>>> print(open('protein18.pdb').read())   # PDB, C-alpha atoms
MODEL        1
ATOM      1  CA  MET A 106    -165.475   0.415  85.326
ATOM      2  CA  THR A 107    -168.491   1.654  87.241
ATOM      3  CA  ASP A 108    -171.214  -0.976  87.384
ATOM      4  CA  LEU A 109    -173.972   1.567  86.851
ATOM      5  CA  SER A 110    -174.155   5.318  86.398
ATOM      6  CA  ILE A 111    -177.413   7.193  86.017
ATOM      7  CA  GLN A 112    -177.988  10.583  84.429
ATOM      8  CA  VAL A 113    -181.264  12.394  84.956
ATOM      9  CA  ARG A 114    -182.293  15.468  82.976
ATOM     10  CA  ASP A 115    -185.386  17.298  81.854
ATOM     11  CA  ALA A 116    -186.574  17.274  78.239
ATOM     12  CA  GLU A 117    -189.757  19.145  77.432
ATOM     13  CA  GLY A 118    -191.195  18.464  80.874
ATOM     14  CA  VAL A 119    -190.298  14.771  80.767
ATOM     15  CA  ALA A 120    -187.764  13.339  83.211
ATOM     16  CA  VAL A 121    -185.257  11.444  81.069
ATOM     17  CA  VAL A 122    -183.345   8.774  82.994
ATOM     18  CA  ARG A 123    -180.292   7.347  81.263
ATOM     19  CA  PRO A 124    -178.779   4.308  83.008
ATOM     20  CA  GLU A 125    -175.343   3.285  81.754
ATOM     21  CA  GLY A 126    -173.965  -0.154  82.567
ATOM     22  CA  PHE A 127    -176.073  -2.950  83.965
ATOM     23  CA  ILE A 128    -178.968  -3.243  86.379
ATOM     24  CA  ASN A 129    -179.080  -6.379  88.501
ATOM     25  CA  ALA A 130    -179.451  -7.257  92.175
ATOM     26  CA  HIS A 131    -176.187  -5.453  92.930
ATOM     27  CA  THR A 132    -177.044  -2.126  91.318
ATOM     28  CA  VAL A 133    -180.830  -2.088  91.578
ATOM     29  CA  ARG A 134    -181.005   0.049  94.724
ATOM     30  CA  GLN A 135    -179.206   2.847  92.881
ATOM     31  CA  PHE A 136    -181.652   2.596  89.983
ATOM     32  CA  GLU A 137    -184.675   2.321  92.251
ATOM     33  CA  GLY A 138    -183.476   5.303  94.279
ATOM     34  CA  ALA A 139    -183.215   7.478  91.159
ATOM     35  CA  LEU A 140    -186.759   6.596  90.104
ATOM     36  CA  GLU A 141    -188.174   7.047  93.596
ATOM     37  CA  ALA A 142    -186.547  10.465  93.919
ATOM     38  CA  LEU A 143    -188.300  11.593  90.753
ATOM     39  CA  VAL A 144    -191.675  10.324  91.901
ATOM     40  CA  GLN A 145    -191.225  11.951  95.305
ATOM     41  CA  ALA A 146    -190.468  15.215  93.498
ATOM     42  CA  GLY A 147    -193.747  14.909  91.610
ATOM     43  CA  ARG A 148    -192.171  13.872  88.303
ATOM     44  CA  TYR A 149    -194.609  11.263  87.085
ATOM     45  CA  THR A 150    -193.703  11.079  83.403
ATOM     46  CA  ILE A 151    -190.390   9.263  83.125
ATOM     47  CA  LEU A 152    -188.584   8.219  79.967
ATOM     48  CA  LEU A 153    -185.977   5.497  80.408
ATOM     49  CA  ASP A 154    -183.347   6.009  77.730
ATOM     50  CA  CYS A 155    -181.774   2.542  77.542
ATOM     51  CA  GLN A 156    -179.193   3.249  74.857
ATOM     52  CA  ALA A 157    -176.278   2.602  77.229
ATOM     53  CA  LEU A 158    -177.969  -0.096  79.290
ATOM     54  CA  ASN A 159    -176.133  -3.356  78.675
ATOM     55  CA  TYR A 160    -178.599  -5.549  80.486
ATOM     56  CA  ILE A 161    -181.350  -5.555  83.057
ATOM     57  CA  SER A 162    -182.287  -8.506  85.247
ATOM     58  CA  SER A 163    -185.585  -9.203  86.965
ATOM     59  CA  ALA A 164    -184.425  -7.081  89.910
ATOM     60  CA  GLY A 165    -184.435  -4.015  87.655
ATOM     61  CA  LEU A 166    -187.736  -4.972  86.085
ATOM     62  CA  GLY A 167    -189.183  -5.231  89.576
ATOM     63  CA  ALA A 168    -188.041  -1.685  90.342
ATOM     64  CA  ILE A 169    -189.961  -0.393  87.324
ATOM     65  CA  MET A 170    -192.976  -2.529  88.162
ATOM     66  CA  GLY A 171    -192.976  -1.206  91.698
ATOM     67  CA  LEU A 172    -193.604   2.355  90.504
ATOM     68  CA  ILE A 173    -195.791   1.935  87.450
ATOM     69  CA  GLU A 174    -199.088   2.071  89.297
ATOM     70  CA  THR A 175    -198.050   5.144  91.290
ATOM     71  CA  VAL A 176    -197.070   7.168  88.219
ATOM     72  CA  ARG A 177    -200.156   6.115  86.278
ATOM     73  CA  ASP A 178    -202.379   7.000  89.235
ATOM     74  CA  HIS A 179    -200.968  10.522  88.801
ATOM     75  CA  GLN A 180    -201.654  10.591  85.057
ATOM     76  CA  GLY A 181    -197.998   9.916  84.306
ATOM     77  CA  ASP A 182    -196.203   6.955  82.788
ATOM     78  CA  ILE A 183    -192.869   5.175  82.482
ATOM     79  CA  LEU A 184    -191.772   4.926  78.852
ATOM     80  CA  LEU A 185    -188.777   3.238  77.275
ATOM     81  CA  CYS A 186    -186.590   4.146  74.324
ATOM     82  CA  SER A 187    -183.443   3.030  72.495
ATOM     83  CA  LEU A 188    -183.344  -0.513  73.851
ATOM     84  CA  GLN A 189    -180.393  -2.681  72.914
ATOM     85  CA  ASP A 190    -181.432  -5.987  71.366
ATOM     86  CA  ASN A 191    -180.826  -8.137  74.428
ATOM     87  CA  VAL A 192    -182.669  -5.687  76.706
ATOM     88  CA  HIS A 193    -185.580  -5.604  74.269
ATOM     89  CA  THR A 194    -185.608  -9.412  74.279
ATOM     90  CA  ILE A 195    -185.942  -9.453  78.064
ATOM     91  CA  PHE A 196    -188.874  -7.036  78.017
ATOM     92  CA  ASP A 197    -190.512  -8.814  75.120
ATOM     93  CA  THR A 198    -190.051 -12.287  76.607
ATOM     94  CA  LEU A 199    -191.962 -11.243  79.711
ATOM     95  CA  GLY A 200    -194.695  -9.482  77.780
ATOM     96  CA  PHE A 201    -193.633  -6.090  79.114
ATOM     97  CA  THR A 202    -193.703  -4.526  75.672
ATOM     98  CA  GLN A 203    -197.482  -4.674  76.095
ATOM     99  CA  LEU A 204    -197.289  -2.925  79.437
ATOM    100  CA  TYR A 205    -194.851  -0.150  78.498
ATOM    101  CA  ARG A 206    -194.677   2.063  75.475
ATOM    102  CA  VAL A 207    -191.380   1.438  73.699
ATOM    103  CA  PHE A 208    -189.840   3.880  71.212
ATOM    104  CA  GLY A 209    -186.877   3.711  68.891
ATOM    105  CA  SER A 210    -185.355   6.996  70.070
ATOM    106  CA  GLU A 211    -185.742   9.743  72.642
ATOM    107  CA  ALA A 212    -186.965  12.176  69.978
ATOM    108  CA  GLU A 213    -189.625   9.714  68.864
ATOM    109  CA  ALA A 214    -190.775   9.207  72.447
ATOM    110  CA  LEU A 215    -190.941  12.941  73.157
ATOM    111  CA  ARG A 216    -192.917  13.533  69.967
ATOM    112  CA  ALA A 217    -195.370  10.785  70.892
ATOM    113  CA  ILE A 218    -196.026  12.126  74.369
ATOM    114  CA  GLY A 219    -195.901  15.802  73.397
ATOM    115  CA  GLY A 220    -198.856  17.641  74.819
ATOM    116  CA  GLN A 221    -199.662  14.839  77.240
ATOM    117  CA  VAL A 222    -197.297  16.032  79.966
TER     118      VAL A 222
ATOM    119  CA  MET B 634    -161.645 -21.646  67.070
ATOM    120  CA  ARG B 635    -161.816 -25.265  68.222
ATOM    121  CA  PRO B 636    -164.794 -25.882  70.519
ATOM    122  CA  PRO B 637    -163.946 -27.492  73.843
ATOM    123  CA  ALA B 638    -163.773 -31.294  73.885
ATOM    124  CA  GLU B 639    -166.740 -33.177  75.267
ATOM    125  CA  SER B 640    -167.399 -32.814  78.971
ATOM    126  CA  GLU B 641    -164.605 -30.394  79.678
ATOM    127  CA  TYR B 642    -165.640 -28.190  82.541
ATOM    128  CA  PHE B 643    -164.512 -25.577  84.960
ATOM    129  CA  ARG B 644    -165.653 -24.692  88.457
ATOM    130  CA  LEU B 645    -165.630 -21.642  90.584
ATOM    131  CA  SER B 646    -166.824 -20.632  94.004
ATOM    132  CA  ILE B 647    -167.843 -17.100  94.931
ATOM    133  CA  PRO B 648    -168.881 -15.442  98.182
ATOM    134  CA  SER B 649    -172.649 -14.987  98.450
ATOM    135  CA  GLN B 650    -172.464 -11.310  97.516
ATOM    136  CA  THR B 651    -174.152  -9.549  94.613
ATOM    137  CA  ARG B 652    -170.983  -7.629  93.746
ATOM    138  CA  TYR B 653    -169.643 -10.819  92.176
ATOM    139  CA  LEU B 654    -172.649 -11.235  89.876
ATOM    140  CA  ASN B 655    -171.118  -9.375  86.966
ATOM    141  CA  LEU B 656    -167.961 -11.442  87.176
ATOM    142  CA  VAL B 657    -169.923 -14.705  87.007
ATOM    143  CA  THR B 658    -172.298 -13.602  84.262
ATOM    144  CA  GLY B 659    -169.382 -12.364  82.173
ATOM    145  CA  LEU B 660    -167.742 -15.751  82.534
ATOM    146  CA  ALA B 661    -170.968 -17.573  81.597
ATOM    147  CA  LYS B 662    -171.364 -15.400  78.520
ATOM    148  CA  ARG B 663    -167.827 -16.163  77.382
ATOM    149  CA  ALA B 664    -168.332 -19.879  78.039
ATOM    150  CA  ALA B 665    -171.530 -19.853  75.972
ATOM    151  CA  ALA B 666    -169.650 -18.202  73.111
ATOM    152  CA  LEU B 667    -166.869 -20.756  73.448
ATOM    153  CA  ALA B 668    -169.484 -23.530  73.235
ATOM    154  CA  GLY B 669    -170.533 -22.090  69.871
ATOM    155  CA  MET B 670    -173.524 -19.903  70.740
ATOM    156  CA  ASP B 671    -174.157 -16.580  69.040
ATOM    157  CA  ASP B 672    -174.081 -13.292  70.953
ATOM    158  CA  ALA B 673    -177.848 -13.145  71.535
ATOM    159  CA  THR B 674    -177.974 -16.683  72.910
ATOM    160  CA  ALA B 675    -174.887 -16.136  75.052
ATOM    161  CA  ALA B 676    -176.580 -13.031  76.521
ATOM    162  CA  LYS B 677    -179.603 -15.151  77.464
ATOM    163  CA  VAL B 678    -177.367 -17.673  79.211
ATOM    164  CA  SER B 679    -175.696 -14.879  81.121
ATOM    165  CA  ILE B 680    -179.042 -13.466  82.296
ATOM    166  CA  ALA B 681    -180.193 -16.934  83.404
ATOM    167  CA  VAL B 682    -177.013 -17.320  85.454
ATOM    168  CA  ASP B 683    -177.505 -13.857  86.968
ATOM    169  CA  GLU B 684    -181.012 -14.819  88.032
ATOM    170  CA  ALA B 685    -179.993 -18.224  89.399
ATOM    171  CA  VAL B 686    -177.082 -16.866  91.456
ATOM    172  CA  THR B 687    -179.215 -13.952  92.681
ATOM    173  CA  ASN B 688    -181.846 -16.441  93.840
ATOM    174  CA  VAL B 689    -179.203 -18.267  95.854
ATOM    175  CA  ILE B 690    -177.828 -15.093  97.442
ATOM    176  CA  ILE B 691    -181.185 -13.493  98.221
ATOM    177  CA  HIS B 692    -183.478 -16.449  98.871
ATOM    178  CA  ALA B 693    -181.315 -19.454  99.815
ATOM    179  CA  TYR B 694    -178.837 -17.440 101.910
ATOM    180  CA  HIS B 695    -181.181 -14.544 102.785
ATOM    181  CA  GLY B 696    -178.564 -11.981 101.832
ATOM    182  CA  GLU B 697    -175.977 -13.272 104.313
ATOM    183  CA  PRO B 698    -172.600 -12.491 102.704
ATOM    184  CA  THR B 699    -170.421 -15.155 104.321
ATOM    185  CA  HIS B 700    -171.610 -18.238 102.429
ATOM    186  CA  GLN B 701    -170.268 -19.700  99.206
ATOM    187  CA  VAL B 702    -172.012 -20.216  95.870
ATOM    188  CA  ASP B 703    -170.443 -23.034  93.847
ATOM    189  CA  LEU B 704    -170.748 -23.153  90.068
ATOM    190  CA  GLU B 705    -169.738 -25.589  87.363
ATOM    191  CA  LEU B 706    -169.892 -24.899  83.631
ATOM    192  CA  ARG B 707    -169.646 -28.081  81.599
ATOM    193  CA  PHE B 708    -169.264 -28.339  77.835
ATOM    194  CA  LEU B 709    -171.472 -31.239  76.700
ATOM    195  CA  PRO B 710    -171.827 -32.402  73.092
ATOM    196  CA  GLY B 711    -174.048 -29.729  71.562
ATOM    197  CA  ALA B 712    -174.886 -28.031  74.846
ATOM    198  CA  LEU B 713    -173.620 -26.051  77.818
ATOM    199  CA  GLU B 714    -174.670 -27.301  81.241
ATOM    200  CA  ILE B 715    -174.497 -25.018  84.248
ATOM    201  CA  ARG B 716    -174.825 -26.245  87.809
ATOM    202  CA  ILE B 717    -175.145 -23.923  90.773
ATOM    203  CA  TRP B 718    -175.014 -25.289  94.329
ATOM    204  CA  ASN B 719    -175.846 -23.863  97.717
ATOM    205  CA  THR B 720    -176.268 -25.143 101.267
ATOM    206  CA  GLY B 721    -179.062 -22.734 102.184
ATOM    207  CA  ASP B 722    -182.809 -22.938 101.753
ATOM    208  CA  GLY B 723    -182.997 -24.577  98.360
ATOM    209  CA  LEU B 724    -185.765 -25.000  95.837
ATOM    210  CA  ARG B 725    -186.974 -28.279  94.360
ATOM    211  CA  ASP B 726    -188.776 -28.718  91.067
ATOM    212  CA  ASP B 727    -192.088 -29.198  92.907
ATOM    213  CA  ASP B 728    -191.687 -25.801  94.600
ATOM    214  CA  VAL B 729    -191.417 -23.884  91.348
ATOM    215  CA  VAL B 730    -194.536 -22.137  90.137
ATOM    216  CA  LEU B 731    -193.868 -19.914  87.169
ATOM    217  CA  PRO B 732    -195.891 -16.702  87.006
ATOM    218  CA  ASP B 733    -198.074 -16.089  83.987
ATOM    219  CA  PRO B 734    -196.705 -13.082  82.073
ATOM    220  CA  ARG B 735    -200.249 -12.190  81.009
ATOM    221  CA  GLU B 736    -201.197 -11.805  84.668
ATOM    222  CA  TYR B 737    -198.201  -9.550  85.205
ATOM    223  CA  VAL B 738    -199.370  -7.310  82.424
ATOM    224  CA  LYS B 739    -202.840  -7.124  83.945
ATOM    225  CA  HIS B 740    -201.702  -6.815  87.561
ATOM    226  CA  PRO B 741    -198.173  -5.384  87.721
ATOM    227  CA  ARG B 742    -196.211  -6.258  90.844
ATOM    228  CA  LYS B 743    -192.666  -6.820  91.960
ATOM    229  CA  GLY B 744    -190.997 -10.207  92.205
ATOM    230  CA  GLY B 745    -191.247 -13.652  90.663
ATOM    231  CA  LEU B 746    -189.844 -12.816  87.267
ATOM    232  CA  GLY B 747    -186.384 -14.306  87.645
ATOM    233  CA  LEU B 748    -187.508 -17.925  87.389
ATOM    234  CA  LEU B 749    -189.630 -17.044  84.395
ATOM    235  CA  LEU B 750    -186.654 -15.516  82.601
ATOM    236  CA  MET B 751    -184.522 -18.551  83.436
ATOM    237  CA  SER B 752    -187.146 -20.929  82.066
ATOM    238  CA  ARG B 753    -187.618 -18.903  78.887
ATOM    239  CA  PHE B 754    -183.916 -18.421  78.195
ATOM    240  CA  MET B 755    -182.657 -21.939  78.944
ATOM    241  CA  ASP B 756    -183.752 -25.237  77.400
ATOM    242  CA  GLU B 757    -183.905 -27.171  80.671
ATOM    243  CA  ILE B 758    -183.946 -26.218  84.323
ATOM    244  CA  HIS B 759    -184.079 -28.540  87.310
ATOM    245  CA  PHE B 760    -183.844 -27.957  91.022
ATOM    246  CA  LEU B 761    -182.393 -30.906  92.919
ATOM    247  CA  GLU B 762    -181.082 -31.872  96.331
ATOM    248  CA  ALA B 763    -178.095 -34.148  96.821
ATOM    249  CA  ASP B 764    -175.390 -34.646  99.440
ATOM    250  CA  GLY B 765    -176.832 -31.930 101.643
ATOM    251  CA  ARG B 766    -176.698 -29.335  98.919
ATOM    252  CA  SER B 767    -179.328 -27.770  96.707
ATOM    253  CA  GLU B 768    -178.566 -27.609  93.004
ATOM    254  CA  CYS B 769    -179.938 -25.609  90.126
ATOM    255  CA  ARG B 770    -179.047 -27.375  86.870
ATOM    256  CA  MET B 771    -179.600 -25.536  83.604
ATOM    257  CA  THR B 772    -178.861 -26.623  80.061
ATOM    258  CA  LYS B 773    -178.676 -24.600  76.868
ATOM    259  CA  LYS B 774    -178.329 -26.330  73.520
ATOM    260  CA  VAL B 775    -176.013 -25.059  70.838
ATOM    261  CA  VAL B 776    -178.215 -24.626  67.795
TER     262      VAL B 776
ENDMDL
END
>>> encode(input="protein18.pdb", output="structure tokens")
Amino acid sequence: MTDLSIQVRDAEGVAVVRPEGFINAHTVRQFEGALEALVQAGRYTILLDCQALNYISSAGLGAIMGLIETVRDHQGDILLCSLQDNVHTIFDTLGFTQLYRVFGSEAEALRAIGGQV
Amino acid sequence: MRPPAESEYFRLSIPSQTRYLNLVTGLAKRAAALAGMDDATAAKVSIAVDEAVTNVIIHAYHGEPTHQVDLELRFLPGALEIRIWNTGDGLRDDDVVLPDPREYVKHPRKGGLGLLLMSRFMDEIHFLEADGRSECRMTKKVV
């Protein structure tokens, strides 16, 4: 089994990143690299579709934190959707659900940010 | 399924490499389930172990891959105790300053969240030194 695979695609002008597997200290560079590549390409609105993300440790949270100011400085954002219960618990425990907009599904997220991209 | 008898335990030792994290966290999750915890609680235990072992690899051993990380998972009456030892630059209880999540929300930055997750997900955490080794001892009660 691959520890982590990441799909990136465009949906209505939003970069949708879909990590599958787990993000921890071992896989975080791969995750961070995917996000950094988007930002370097000028894609500042990023939706993390977490449907297939089994868990994320603080290393992965740090990767998101490291880019949030940059994307928001460019009128973009990092949004989250389809979190599994244990991933939601991690975000919620740290108060990150106040920092990031969290949606139940990709469609819901795209509707909410429609016209803002 | 019969829960393990009191104070049964098992030990393992892994190289100080992050590629073994998933193996250890999987084991911790299964041990938590065996102790009688539900899936959500077992997932919290597994994350706490991920964070603790990562701290050893990255901070105590500075990413050097040739050291060993020793672990013991012990089934106590009504609880699972996890001990993680290293011979690198260890932490003690007095060294630990947990970040305030509210400050993180106001001033996002990288780092410092692992200890916070460990403290939120486990019932007790202590950092000790004994016999030339540093130990992280965590306990989770079976509710």
>>> atom_distance(input="protein18.pdb", atom1="atom CA of A:Phe196", atom2="atom CA of A:Ile218")
20.8 Å
>>> atom_distance(input="protein18.pdb", atom1="atom CA of A:Gln112", atom2="atom CA of B:Ala673")
27.0 Å
>>> resolve_selection(input="protein18.pdb", expression="the PyMOL selection byres ((chain B and resi 767) around 10)", output="PDB file with C-alpha atoms, in the frame of the given file")
ATOM      1  CA  VAL B 689    -179.203 -18.267  95.854  1.00  0.00           C
ATOM      2  CA  ALA B 693    -181.315 -19.454  99.815  1.00  0.00           C
ATOM      3  CA  ILE B 717    -175.145 -23.923  90.773  1.00  0.00           C
ATOM      4  CA  TRP B 718    -175.014 -25.289  94.329  1.00  0.00           C
ATOM      5  CA  ASN B 719    -175.846 -23.863  97.717  1.00  0.00           C
ATOM      6  CA  THR B 720    -176.268 -25.143 101.267  1.00  0.00           C
ATOM      7  CA  GLY B 721    -179.062 -22.734 102.184  1.00  0.00           C
ATOM      8  CA  ASP B 722    -182.809 -22.938 101.753  1.00  0.00           C
ATOM      9  CA  GLY B 723    -182.997 -24.577  98.360  1.00  0.00           C
ATOM     10  CA  LEU B 724    -185.765 -25.000  95.837  1.00  0.00           C
ATOM     11  CA  ARG B 725    -186.974 -28.279  94.360  1.00  0.00           C
ATOM     12  CA  PHE B 760    -183.844 -27.957  91.022  1.00  0.00           C
ATOM     13  CA  LEU B 761    -182.393 -30.906  92.919  1.00  0.00           C
ATOM     14  CA  GLU B 762    -181.082 -31.872  96.331  1.00  0.00           C
ATOM     15  CA  ALA B 763    -178.095 -34.148  96.821  1.00  0.00           C
ATOM     16  CA  ASP B 764    -175.390 -34.646  99.440  1.00  0.00           C
ATOM     17  CA  GLY B 765    -176.832 -31.930 101.643  1.00  0.00           C
ATOM     18  CA  ARG B 766    -176.698 -29.335  98.919  1.00  0.00           C
ATOM     19  CA  GLU B 768    -178.566 -27.609  93.004  1.00  0.00           C
ATOM     20  CA  CYS B 769    -179.938 -25.609  90.126  1.00  0.00           C
ATOM     21  CA  ARG B 770    -179.047 -27.375  86.870  1.00  0.00           C
TER      22      ARG B 770
END
>>> closest_atom_pairs(input="protein18.pdb", of="chain A", to="chain B", cutoff="7 Å", atoms="all atoms listed in the file", output="CSV")
residue,atom,partner,partner_atom,distance
A:Ala130,CA,B:Thr651,CA,6.3
A:His131,CA,B:Thr651,CA,4.9
A:Ser162,CA,B:Ile680,CA,6.6
A:Ser163,CA,B:Gly747,CA,5.2
A:Gly167,CA,B:Lys743,CA,4.5
A:Met170,CA,B:Arg742,CA,5.6
A:Gly171,CA,B:Lys743,CA,5.6
A:Asn191,CA,B:Ala673,CA,6.5
A:Leu199,CA,B:Pro734,CA,5.6
A:Gly200,CA,B:Pro734,CA,6.0
A:Phe201,CA,B:Val738,CA,6.7
A:Leu204,CA,B:Val738,CA,5.7
>>> residues_around(input="protein18.pdb", residues="B:Ile715", least_positions_apart="2", cutoff="6 Å", atoms="only C-alpha atoms", output="list in words")
Glu705, Leu706, Arg770 and Met771 of chain B
>>> resolve_selection(input="protein18.pdb", expression="the PyMOL selection byres ((chain A and resi 141-148) around 10)", output="PDB file with C-alpha atoms, keeping the file's coordinate frame")
ATOM      1  CA  VAL A 113    -181.264  12.394  84.956  1.00  0.00           C
ATOM      2  CA  ASP A 115    -185.386  17.298  81.854  1.00  0.00           C
ATOM      3  CA  GLY A 118    -191.195  18.464  80.874  1.00  0.00           C
ATOM      4  CA  VAL A 119    -190.298  14.771  80.767  1.00  0.00           C
ATOM      5  CA  ALA A 120    -187.764  13.339  83.211  1.00  0.00           C
ATOM      6  CA  VAL A 122    -183.345   8.774  82.994  1.00  0.00           C
ATOM      7  CA  GLN A 135    -179.206   2.847  92.881  1.00  0.00           C
ATOM      8  CA  PHE A 136    -181.652   2.596  89.983  1.00  0.00           C
ATOM      9  CA  GLU A 137    -184.675   2.321  92.251  1.00  0.00           C
ATOM     10  CA  GLY A 138    -183.476   5.303  94.279  1.00  0.00           C
ATOM     11  CA  ALA A 139    -183.215   7.478  91.159  1.00  0.00           C
ATOM     12  CA  LEU A 140    -186.759   6.596  90.104  1.00  0.00           C
ATOM     13  CA  TYR A 149    -194.609  11.263  87.085  1.00  0.00           C
ATOM     14  CA  THR A 150    -193.703  11.079  83.403  1.00  0.00           C
ATOM     15  CA  ILE A 151    -190.390   9.263  83.125  1.00  0.00           C
ATOM     16  CA  ALA A 168    -188.041  -1.685  90.342  1.00  0.00           C
ATOM     17  CA  ILE A 169    -189.961  -0.393  87.324  1.00  0.00           C
ATOM     18  CA  GLY A 171    -192.976  -1.206  91.698  1.00  0.00           C
ATOM     19  CA  LEU A 172    -193.604   2.355  90.504  1.00  0.00           C
ATOM     20  CA  THR A 175    -198.050   5.144  91.290  1.00  0.00           C
ATOM     21  CA  VAL A 176    -197.070   7.168  88.219  1.00  0.00           C
ATOM     22  CA  HIS A 179    -200.968  10.522  88.801  1.00  0.00           C
ATOM     23  CA  GLY A 181    -197.998   9.916  84.306  1.00  0.00           C
ATOM     24  CA  ASP A 182    -196.203   6.955  82.788  1.00  0.00           C
TER      25      ASP A 182
END
>>> atom_distance(input="protein18.pdb", atom1="atom CA of B:Met670", atom2="atom CA of B:Asp756")
13.3 Å
>>> resolve_selection(input="protein18.pdb", expression="the PyMOL selection byres ((chain A and resi 127) around 8)", output="ChimeraX atom specification")
/A:108-109,124-126,128-129,132,158-161
>>> residues_around(input="protein18.pdb", residues="B:Glu697", least_positions_apart="3", cutoff="7 Å", atoms="only C-alpha atoms", output="list in words")
Ser649, Tyr694 and His700 of chain B
>>> axis_aligned_box(input="protein18.pdb", around="stretch 692-711 of chain B", padding_each_side="4 Å", output="AutoDock Vina command-line options")
--center_x -176.4 --center_y -22.2 --center_z 87.9 --size_x 22.2 --size_y 28.4 --size_z 40.8
>>> closest_residue(input="protein18.pdb", among="B:Leu704, B:Pro710, B:Leu645, B:Ala665", to="B:Met755", atoms="all atoms listed in the file")
B:Ala665
>>> residues_around(input="protein18.pdb", residues="A:Glu213", least_positions_apart="6", cutoff="10 Å", atoms="all atoms listed in the file", output="PyMOL selection string")
chain A and resi 186-187+207+219
>>> decode(input="protein18.pdb", residues="stretch 143-199 of chain A", atoms="C-alpha atoms", output="PDB file, in the first residue's frame")
ATOM      1  CA  LEU A 143       0.111  25.174  -6.451  1.00  0.00           C
ATOM      2  CA  VAL A 144       1.022  28.375  -4.650  1.00  0.00           C
ATOM      3  CA  GLN A 145       4.082  28.845  -6.854  1.00  0.00           C
ATOM      4  CA  ALA A 146       1.800  28.455  -9.877  1.00  0.00           C
ATOM      5  CA  GLY A 147      -0.413  31.237  -8.544  1.00  0.00           C
ATOM      6  CA  ARG A 148      -3.221  28.944  -7.380  1.00  0.00           C
ATOM      7  CA  TYR A 149      -4.231  30.571  -4.129  1.00  0.00           C
ATOM      8  CA  THR A 150      -7.656  29.032  -3.574  1.00  0.00           C
ATOM      9  CA  ILE A 151      -7.140  25.426  -2.532  1.00  0.00           C
ATOM     10  CA  LEU A 152      -9.772  22.936  -1.437  1.00  0.00           C
ATOM     11  CA  LEU A 153      -8.476  19.955   0.521  1.00  0.00           C
ATOM     12  CA  ASP A 154     -10.829  17.062  -0.142  1.00  0.00           C
ATOM     13  CA  CYS A 155     -10.140  14.822   2.866  1.00  0.00           C
ATOM     14  CA  GLN A 156     -12.544  12.014   2.028  1.00  0.00           C
ATOM     15  CA  ALA A 157      -9.727   9.477   1.617  1.00  0.00           C
ATOM     16  CA  LEU A 158      -7.431  10.925   4.266  1.00  0.00           C
ATOM     17  CA  ASN A 159      -7.163   8.401   7.082  1.00  0.00           C
ATOM     18  CA  TYR A 160      -5.310  10.655   9.461  1.00  0.00           C
ATOM     19  CA  ILE A 161      -3.173  13.748   9.681  1.00  0.00           C
ATOM     20  CA  SER A 162      -0.603  14.440  12.383  1.00  0.00           C
ATOM     21  CA  SER A 163       0.763  17.778  13.527  1.00  0.00           C
ATOM     22  CA  ALA A 164       3.375  17.582  10.759  1.00  0.00           C
ATOM     23  CA  GLY A 165       0.595  17.816   8.170  1.00  0.00           C
ATOM     24  CA  LEU A 166      -1.187  20.544  10.083  1.00  0.00           C
ATOM     25  CA  GLY A 167       2.065  22.485  10.107  1.00  0.00           C
ATOM     26  CA  ALA A 168       2.284  22.218   6.320  1.00  0.00           C
ATOM     27  CA  ILE A 169      -1.153  23.812   5.989  1.00  0.00           C
ATOM     28  CA  MET A 170      -0.330  26.440   8.590  1.00  0.00           C
ATOM     29  CA  GLY A 171       2.856  27.307   6.759  1.00  0.00           C
ATOM     30  CA  LEU A 172       0.931  28.416   3.667  1.00  0.00           C
ATOM     31  CA  ILE A 173      -2.250  29.922   5.047  1.00  0.00           C
ATOM     32  CA  GLU A 174      -0.917  33.447   5.369  1.00  0.00           C
ATOM     33  CA  THR A 175       0.571  33.395   1.865  1.00  0.00           C
ATOM     34  CA  VAL A 176      -2.672  32.327   0.184  1.00  0.00           C
ATOM     35  CA  ARG A 177      -4.769  34.765   2.200  1.00  0.00           C
ATOM     36  CA  ASP A 178      -2.356  37.591   1.384  1.00  0.00           C
ATOM     37  CA  HIS A 179      -3.265  36.854  -2.252  1.00  0.00           C
ATOM     38  CA  GLN A 180      -7.010  36.890  -1.571  1.00  0.00           C
ATOM     39  CA  GLY A 181      -7.126  33.100  -1.629  1.00  0.00           C
ATOM     40  CA  ASP A 182      -7.798  30.520   1.052  1.00  0.00           C
ATOM     41  CA  ILE A 183      -7.313  26.897   2.059  1.00  0.00           C
ATOM     42  CA  LEU A 184     -10.650  25.168   2.625  1.00  0.00           C
ATOM     43  CA  LEU A 185     -11.463  21.674   3.820  1.00  0.00           C
ATOM     44  CA  CYS A 186     -14.216  19.240   2.920  1.00  0.00           C
ATOM     45  CA  SER A 187     -15.365  15.669   3.571  1.00  0.00           C
ATOM     46  CA  LEU A 188     -13.355  15.101   6.740  1.00  0.00           C
ATOM     47  CA  GLN A 189     -13.460  11.662   8.307  1.00  0.00           C
ATOM     48  CA  ASP A 190     -14.471  11.744  11.964  1.00  0.00           C
ATOM     49  CA  ASN A 191     -11.002  11.255  13.409  1.00  0.00           C
ATOM     50  CA  VAL A 192      -9.500  13.910  11.110  1.00  0.00           C
ATOM     51  CA  HIS A 193     -12.272  16.320  12.073  1.00  0.00           C
ATOM     52  CA  THR A 194     -11.538  15.592  15.738  1.00  0.00           C
ATOM     53  CA  ILE A 195      -7.893  16.552  15.255  1.00  0.00           C
ATOM     54  CA  PHE A 196      -8.791  19.854  13.600  1.00  0.00           C
ATOM     55  CA  ASP A 197     -11.486  20.587  16.138  1.00  0.00           C
ATOM     56  CA  THR A 198      -9.315  19.706  19.137  1.00  0.00           C
ATOM     57  CA  LEU A 199      -6.749  22.288  18.074  1.00  0.00           C
TER      58      LEU A 199
END
